[in-house]
Amino acid sequence: MPKIPGSSLAGVARAYTAIQSGNYPGCAGKGGEDGSAHCGRTDCAVCMAYGFAKPEASFQGLAQFSDARILFFPVPSAMGPLWVTSPSALYDAGCRPGDAEVDWLQYNTAIGDGAMGMGLDFPDTRVNLGWLYLPRVARPPELPAPAGWVMADSERSCTLGEIRCLKPVCERLAMVSDARFPVLVEDQLEVRTSVSISPETGAAAHGALFTAEAIPRSTVLFFQATYLDPLLFSVPPQRNHGGGDVGFTRAQVAGHVETGLRIVEYAGIGGANTRGMGRMRVLPLEAR
């Protein structure tokens with residue numbers, strides 16, 4: 001299954017936080033060969049959130065990232081686009097109907113080799129997903145559609161447990177088994193073929209044809225960002241002798257990190273940004 005490694009998320013968040021805080025390029029990246037470019041100051045939004053490794057001292061950082069994994073995957077169908085998920089994906093992401101806890105894994109047995117409509121009801125006895133023609137599985141009455149999970153806070157977004165998502169996606173959800181989900185994702189990845197053009201001839205350069213797989217646009221992924229309490233560590237110091245705060249609070253660390261994550265929507269993550277790859281909107285961006 002494709003994913004975005006947590007190290008990639010932390011790397012771009014660090015770089016963009018450094019840009020926003022005016023500490024670029026010194027505190028971005030690894031700080032040179034030995035980390036000496038990092039300032040390591042207790043009032044540095046970058047060094048305190050993401051850590052530093054100077055020759056004389058090091059600090060692990062107060063922000064920790066998990067891998068970003070696929071939650072809802074867009075698949076073309078005879079009914080139009082569907083966003084497909086699986087019981088394990090919903091379980092790991094913490095999705096739940098309202099305040100109720102749901103044992104998502106039990107639905108693997110009920111779904112089998114079929115597909116269960118969640119945000120809509122399939123009109124036919126089978127679901128046409130192109131090369132897959134799956135039998136329809138009725139949604140059990142104890143599992144409401146996503147529209148009934150929580151009250152939507154706007155016309156464009158809804159909240160599924162701990163996940164904020166676009167409302168049009170929630171209205172077209174379908175669930176397949178954990179065994180079927182990776183096969184479906186693997187088949188529907190975009191395969192992009194590119195070639196290098198010679199500036200001298202204007203034609204394709206010999207031997208420069210290459211292909212790459214990509215996660216399609218409108219895929220919904222989920223990840224966790226954990227912010228540690230600065231008071232648990234000796235760096236930054238907890239209090240000065242006058243009783244005033246030194247360094248950052250936990251909420252301030254979260255705010256600095258999420259300020260950096262906002263730029264991912266425009267500057268992207270990963271390679272091939274100039275080819276339109278890597279644009280990702282992070283929802284929600286709220287310091288907690």
# chains A, B, ... in the order shown; residues from 1 in each chain; ligands from 1
>>> residues_around(residues="Val264 (chain A)", least_positions_apart="2", cutoff="9 Å", atoms="only C-alpha atoms", output="list of chain:residue names")
A:Val12, A:Ala13, A:Tyr16, A:Gly260, A:Leu261, A:Arg262, A:Tyr266, A:Ala267, A:Gly268, A:Ile269, A:Gly278, A:Arg279, A:Met280, A:Arg281, A:Val282
>>> write_last_selection(atoms="C-alpha atoms", output="PDB file, in the first residue's frame")
ATOM      1  CA  VAL A  12       8.744  19.311   4.710  1.00  0.00           C
ATOM      2  CA  ALA A  13       7.015  20.616   7.842  1.00  0.00           C
ATOM      3  CA  TYR A  16       8.201  25.272   5.732  1.00  0.00           C
ATOM      4  CA  GLY A 260       4.427  24.893   8.256  1.00  0.00           C
ATOM      5  CA  LEU A 261       1.981  22.192   7.181  1.00  0.00           C
ATOM      6  CA  ARG A 262      -0.285  24.808   5.608  1.00  0.00           C
ATOM      7  CA  TYR A 266       0.998  25.136  -2.308  1.00  0.00           C
ATOM      8  CA  ALA A 267       4.643  24.008  -2.261  1.00  0.00           C
ATOM      9  CA  GLY A 268       3.960  20.269  -2.155  1.00  0.00           C
ATOM     10  CA  ILE A 269       5.705  17.273  -0.635  1.00  0.00           C
ATOM     11  CA  GLY A 278       2.634  16.340  -4.080  1.00  0.00           C
ATOM     12  CA  ARG A 279      -0.050  18.959  -3.442  1.00  0.00           C
ATOM     13  CA  MET A 280      -1.822  18.009  -0.211  1.00  0.00           C
ATOM     14  CA  ARG A 281      -4.277  19.933   1.940  1.00  0.00           C
ATOM     15  CA  VAL A 282      -3.960  19.091   5.637  1.00  0.00           C
TER      16      VAL A 282
END
>>> residues_around(residues="Cys95 (chain A)", least_positions_apart="5", cutoff="12 Å", atoms="only C-alpha atoms", output="ChimeraX atom specification")
/A:71-72,85-90,100-104,146,149-150,158-165,170,222
>>> atom_distance(atom1="CA of Asp229 (chain A)", atom2="CA of Phe59 (chain A)")
13.7 Å
>>> closest_residue(among="A:Ala179, A:Met118, A:Ile215, A:Val257", to="Leu105 (chain A)", atoms="only C-alpha atoms")
A:Ala179
>>> select_by_dssp(residues="region 38-245 of chain A", states="alpha helix (DSSP H)", output="PyMOL selection string")
chain A and resi 45-50+87-93+107-111+167-170+181-188
>>> atom_distance(atom1="CA of Pro230 (chain A)", atom2="CA of Val46 (chain A)")
13.8 Å
>>> select_by_dssp(residues="region 30-184 of chain A", states="strand (DSSP E or B)", output="ChimeraX atom specification")
/A:52-53,58-59,63-65,68-75,82-85,115-117,126-129,132-137,157-160,163-166,173-175
>>> write_last_selection(atoms="C-alpha atoms", output="compact mmCIF listing (two decimals), in the first residue's frame")
# COMPACT_ATOMS: atom_id res chain seq x y z
CA PHE A 52 18.63 19.64 16.44
CA ALA A 53 21.96 17.83 16.60
CA SER A 58 21.25 17.66 20.76
CA PHE A 59 17.50 17.58 21.26
CA ALA A 63 6.71 17.04 17.35
CA GLN A 64 6.36 13.42 16.24
CA PHE A 65 4.74 12.25 12.98
CA ALA A 68 0.29 9.08 6.23
CA ARG A 69 -1.78 6.11 5.07
CA ILE A 70 -4.68 5.82 2.64
CA LEU A 71 -8.14 6.13 4.18
CA PHE A 72 -10.47 6.87 1.25
CA PHE A 73 -9.30 5.99 -2.26
CA PRO A 74 -11.07 7.34 -5.41
CA VAL A 75 -12.24 4.67 -7.85
CA LEU A 82 -16.64 6.33 -5.38
CA TRP A 83 -14.22 6.65 -2.46
CA VAL A 84 -13.38 3.17 -1.24
CA THR A 85 -12.11 2.22 2.21
CA ALA A 115 -18.78 -4.05 -1.53
CA MET A 116 -20.90 -2.19 1.03
CA GLY A 117 -22.29 1.26 0.30
CA ARG A 126 -23.68 -5.54 -8.12
CA VAL A 127 -21.16 -2.71 -8.09
CA ASN A 128 -19.31 -2.04 -11.35
CA LEU A 129 -15.76 -0.85 -10.59
CA LEU A 132 -14.17 -5.57 -10.80
CA TYR A 133 -17.85 -6.49 -10.69
CA LEU A 134 -18.57 -6.98 -7.01
CA PRO A 135 -21.80 -8.16 -5.35
CA ARG A 136 -23.56 -5.53 -3.27
CA VAL A 137 -23.64 -6.07 0.50
CA SER A 157 -16.82 19.29 5.36
CA CYS A 158 -17.87 16.72 7.92
CA THR A 159 -16.19 15.06 10.88
CA LEU A 160 -15.81 11.28 11.13
CA ILE A 163 -11.00 12.68 10.88
CA ARG A 164 -12.07 15.85 9.06
CA CYS A 165 -13.08 15.19 5.46
CA LEU A 166 -14.80 16.86 2.53
CA LEU A 173 -18.18 6.13 0.43
CA ALA A 174 -17.99 2.39 -0.14
CA MET A 175 -16.27 -0.29 1.92
>>> atom_distance(atom1="CA of Gln20 (chain A)", atom2="CA of Met48 (chain A)")
14.8 Å
>>> closest_residue(among="A:Ala45, A:Met79, A:Ile4, A:Ala145", to="Gly22 (chain A)", atoms="only C-alpha atoms")
A:Ala45
>>> residues_around(residues="Asp187 (chain A)", least_positions_apart="2", cutoff="12 Å", atoms="only C-alpha atoms", output="list in words")
Met1, Pro2, Phe73, Pro74, Val75, Pro76, Leu129, Gly130, Trp131, Leu132, Arg180, Phe181, Pro182, Val183, Leu184, Val185, Leu189, Glu190, Val191, Glu213, Ala214, Ile215 and Pro216 of chain A
